[in-house]
>>> print(open('protein_12.pdb').read())   # PDB, C-alpha atoms, pLDDT in the B column
ATOM      1  CA  MET A   1     116.068 142.731 124.796  1.00 55.00           C
ATOM      2  CA  ARG A   2     118.437 139.927 123.986  1.00 59.00           C
ATOM      3  CA  THR A   3     115.810 137.219 124.534  1.00 58.00           C
ATOM      4  CA  ILE A   4     113.429 138.981 122.167  1.00 61.00           C
ATOM      5  CA  SER A   5     115.951 138.839 119.322  1.00 66.00           C
ATOM      6  CA  ILE A   6     116.826 135.173 119.999  1.00 67.00           C
ATOM      7  CA  LEU A   7     113.203 134.004 120.091  1.00 54.00           C
ATOM      8  CA  PRO A   8     112.601 134.275 116.307  1.00 61.00           C
ATOM      9  CA  LEU A   9     115.805 132.337 115.697  1.00 54.00           C
ATOM     10  CA  ILE A  10     114.688 129.527 117.995  1.00 63.00           C
ATOM     11  CA  ILE A  11     111.281 129.393 116.309  1.00 63.00           C
ATOM     12  CA  ALA A  12     112.873 129.303 112.847  1.00 58.00           C
ATOM     13  CA  ILE A  13     115.161 126.437 113.836  1.00 60.00           C
ATOM     14  CA  ALA A  14     112.289 124.475 115.369  1.00 54.00           C
ATOM     15  CA  LEU A  15     110.151 124.888 112.261  1.00 48.00           C
ATOM     16  CA  THR A  16     113.009 123.891 109.973  1.00 51.00           C
ATOM     17  CA  VAL A  17     113.690 120.726 111.932  1.00 45.00           C
ATOM     18  CA  SER A  18     110.015 119.770 112.098  1.00 50.00           C
ATOM     19  CA  PHE A  19     109.327 120.309 108.389  1.00 52.00           C
ATOM     20  CA  CYS A  20     112.606 119.066 106.897  1.00 53.00           C
ATOM     21  CA  GLY A  21     113.104 116.096 109.155  1.00 54.00           C
ATOM     22  CA  GLY A  22     110.649 113.853 107.321  1.00 53.00           C
ATOM     23  CA  LYS A  23     108.831 111.051 109.033  1.00 60.00           C
ATOM     24  CA  ALA A  24     110.805 109.295 111.705  1.00 80.00           C
ATOM     25  CA  GLU A  25     109.993 105.705 110.811  1.00 92.00           C
ATOM     26  CA  MET A  26     108.266 104.089 107.878  1.00 96.00           C
ATOM     27  CA  THR A  27     105.266 101.886 108.639  1.00 96.00           C
ATOM     28  CA  THR A  28     104.187  98.842 106.658  1.00 96.00           C
ATOM     29  CA  LEU A  29     101.303 100.849 105.172  1.00 95.00           C
ATOM     30  CA  ASP A  30     103.699 103.615 104.129  1.00 97.00           C
ATOM     31  CA  PHE A  31     105.957 101.036 102.493  1.00 97.00           C
ATOM     32  CA  ILE A  32     103.097  99.415 100.564  1.00 96.00           C
ATOM     33  CA  LYS A  33     101.829 102.778  99.303  1.00 96.00           C
ATOM     34  CA  ILE A  34     105.317 103.811  98.196  1.00 97.00           C
ATOM     35  CA  GLU A  35     106.012 100.443  96.599  1.00 96.00           C
ATOM     36  CA  ASP A  36     102.726 100.544  94.660  1.00 96.00           C
ATOM     37  CA  GLU A  37     103.577 104.018  93.336  1.00 97.00           C
ATOM     38  CA  ILE A  38     107.135 103.006  92.455  1.00 97.00           C
ATOM     39  CA  LEU A  39     105.895 100.048  90.425  1.00 96.00           C
ATOM     40  CA  LYS A  40     104.049 102.536  88.189  1.00 97.00           C
ATOM     41  CA  THR A  41     107.326 104.328  87.334  1.00 96.00           C
ATOM     42  CA  ASP A  42     110.349 103.406  85.230  1.00 96.00           C
ATOM     43  CA  LEU A  43     112.038 102.093  88.428  1.00 94.00           C
ATOM     44  CA  THR A  44     115.078 104.351  88.162  1.00 96.00           C
ATOM     45  CA  PRO A  45     116.636 105.597  91.411  1.00 95.00           C
ATOM     46  CA  ALA A  46     115.469 109.128  90.579  1.00 96.00           C
ATOM     47  CA  SER A  47     111.867 107.939  90.171  1.00 96.00           C
ATOM     48  CA  LYS A  48     112.028 105.951  93.383  1.00 96.00           C
ATOM     49  CA  GLU A  49     113.417 108.943  95.226  1.00 97.00           C
ATOM     50  CA  ALA A  50     110.661 111.213  93.883  1.00 97.00           C
ATOM     51  CA  VAL A  51     107.968 108.798  95.055  1.00 97.00           C
ATOM     52  CA  ALA A  52     109.555 108.345  98.485  1.00 97.00           C
ATOM     53  CA  LYS A  53     109.788 112.126  98.907  1.00 97.00           C
ATOM     54  CA  LYS A  54     106.129 112.460  97.882  1.00 96.00           C
ATOM     55  CA  PHE A  55     105.270 110.415 100.974  1.00 96.00           C
ATOM     56  CA  GLY A  56     107.743 112.270 103.218  1.00 96.00           C
ATOM     57  CA  PHE A  57     110.594 109.744 103.231  1.00 97.00           C
ATOM     58  CA  SER A  58     114.065 109.561 101.765  1.00 96.00           C
ATOM     59  CA  LEU A  59     115.178 106.979  99.231  1.00 96.00           C
ATOM     60  CA  GLU A  60     117.489 105.546 101.890  1.00 96.00           C
ATOM     61  CA  GLN A  61     114.576 105.023 104.278  1.00 97.00           C
ATOM     62  CA  TYR A  62     112.637 103.191 101.570  1.00 97.00           C
ATOM     63  CA  GLN A  63     115.610 101.029 100.608  1.00 97.00           C
ATOM     64  CA  THR A  64     116.308 100.149 104.243  1.00 97.00           C
ATOM     65  CA  PHE A  65     112.698  99.078 104.756  1.00 97.00           C
ATOM     66  CA  GLU A  66     112.745  97.197 101.440  1.00 97.00           C
ATOM     67  CA  GLU A  67     115.780  95.215 102.598  1.00 97.00           C
ATOM     68  CA  ARG A  68     114.053  94.398 105.883  1.00 96.00           C
ATOM     69  CA  ALA A  69     110.962  93.303 103.929  1.00 96.00           C
ATOM     70  CA  ARG A  70     113.106  90.831 101.987  1.00 96.00           C
ATOM     71  CA  THR A  71     114.773  89.287 105.017  1.00 96.00           C
ATOM     72  CA  ASP A  72     112.382  89.599 107.979  1.00 97.00           C
ATOM     73  CA  GLN A  73     109.840  86.745 108.046  1.00 97.00           C
ATOM     74  CA  LYS A  74     107.510  88.500 110.493  1.00 97.00           C
ATOM     75  CA  LEU A  75     107.495  91.668 108.385  1.00 96.00           C
ATOM     76  CA  GLN A  76     106.791  89.605 105.250  1.00 96.00           C
ATOM     77  CA  GLU A  77     103.762  88.066 106.970  1.00 96.00           C
ATOM     78  CA  GLU A  78     102.491  91.479 108.065  1.00 96.00           C
ATOM     79  CA  LEU A  79     102.891  92.903 104.550  1.00 96.00           C
ATOM     80  CA  GLY A  80     101.138  89.847 103.097  1.00 95.00           C
ATOM     81  CA  LYS A  81      98.149  90.251 105.429  1.00 95.00           C
ATOM     82  CA  ILE A  82      97.802  93.910 104.492  1.00 93.00           C
ATOM     83  CA  ARG A  83      98.039  93.171 100.770  1.00 93.00           C
ATOM     84  CA  LEU A  84      95.365  90.463 101.007  1.00 94.00           C
ATOM     85  CA  LYS A  85      92.819  92.814 102.575  1.00 90.00           C
ATOM     86  CA  PRO A  86      90.318  94.192 100.045  1.00 84.00           C
ATOM     87  CA  LYS A  87      91.120  97.746  98.975  1.00 72.00           C
ATOM     88  CA  GLU A  88      88.493 100.360  99.658  1.00 64.00           C
TER
END
>>> encode(input="protein_12.pdb", output="structure tokens")
Amino acid sequence: MRTISILPLIIAIALTVSFCGGKAEMTTLDFIKIEDEILKTDLTPASKEAVAKKFGFSLEQYQTFEERARTDQKLQEELGKIRLKPKE
């Protein structure tokens, strides 16, 4: 009987972690999409956070990736190649 009452609790915890955890790691495509959306806003932290959340990320994740994009030469090249491709 005890295992039957614990099972719903385990399922609830698993669902909470899977839905609230957000995406594990931002990709270059995710970053470009978020950045494009952010540029359409008033650029306040609240606006940036709303856009990042829309794509399943936190503001901190976006800002961390943004910092890497400013300093990492290889990442800058990758972002440049993606931006130069024609949009569909």
>>> resolve_selection(input="protein_12.pdb", expression="the PyMOL selection byres ((chain A and resi 35) around 12)", output="PyMOL selection string")
chain A and resi 28-34+36-41+43+47-49+51-52+55+59+62-63+65-66+69+79+83
>>> atom_distance(input="protein_12.pdb", atom1="CA of Pro86 (chain A)", atom2="CA of Thr44 (chain A)")
29.3 Å
>>> atom_distance(input="protein_12.pdb", atom1="CA of Met26 (chain A)", atom2="CA of Glu60 (chain A)")
11.1 Å
>>> atom_distance(input="protein_12.pdb", atom1="CA of Glu25 (chain A)", atom2="CA of Asp42 (chain A)")
25.7 Å
>>> closest_residue(input="protein_12.pdb", among="A:Pro45, A:Ala24, A:Lys81, A:Arg70", to="Phe57 (chain A)", atoms="only C-alpha atoms")
A:Ala24
>>> axis_aligned_box(input="protein_12.pdb", around="region 68-81 of chain A", padding_each_side="5 Å", output="lines of an AutoDock Vina configuration file")
center_x = 106.5
center_y = 90.6
center_z = 106.2
size_x = 26.6
size_y = 17.7
size_z = 18.5
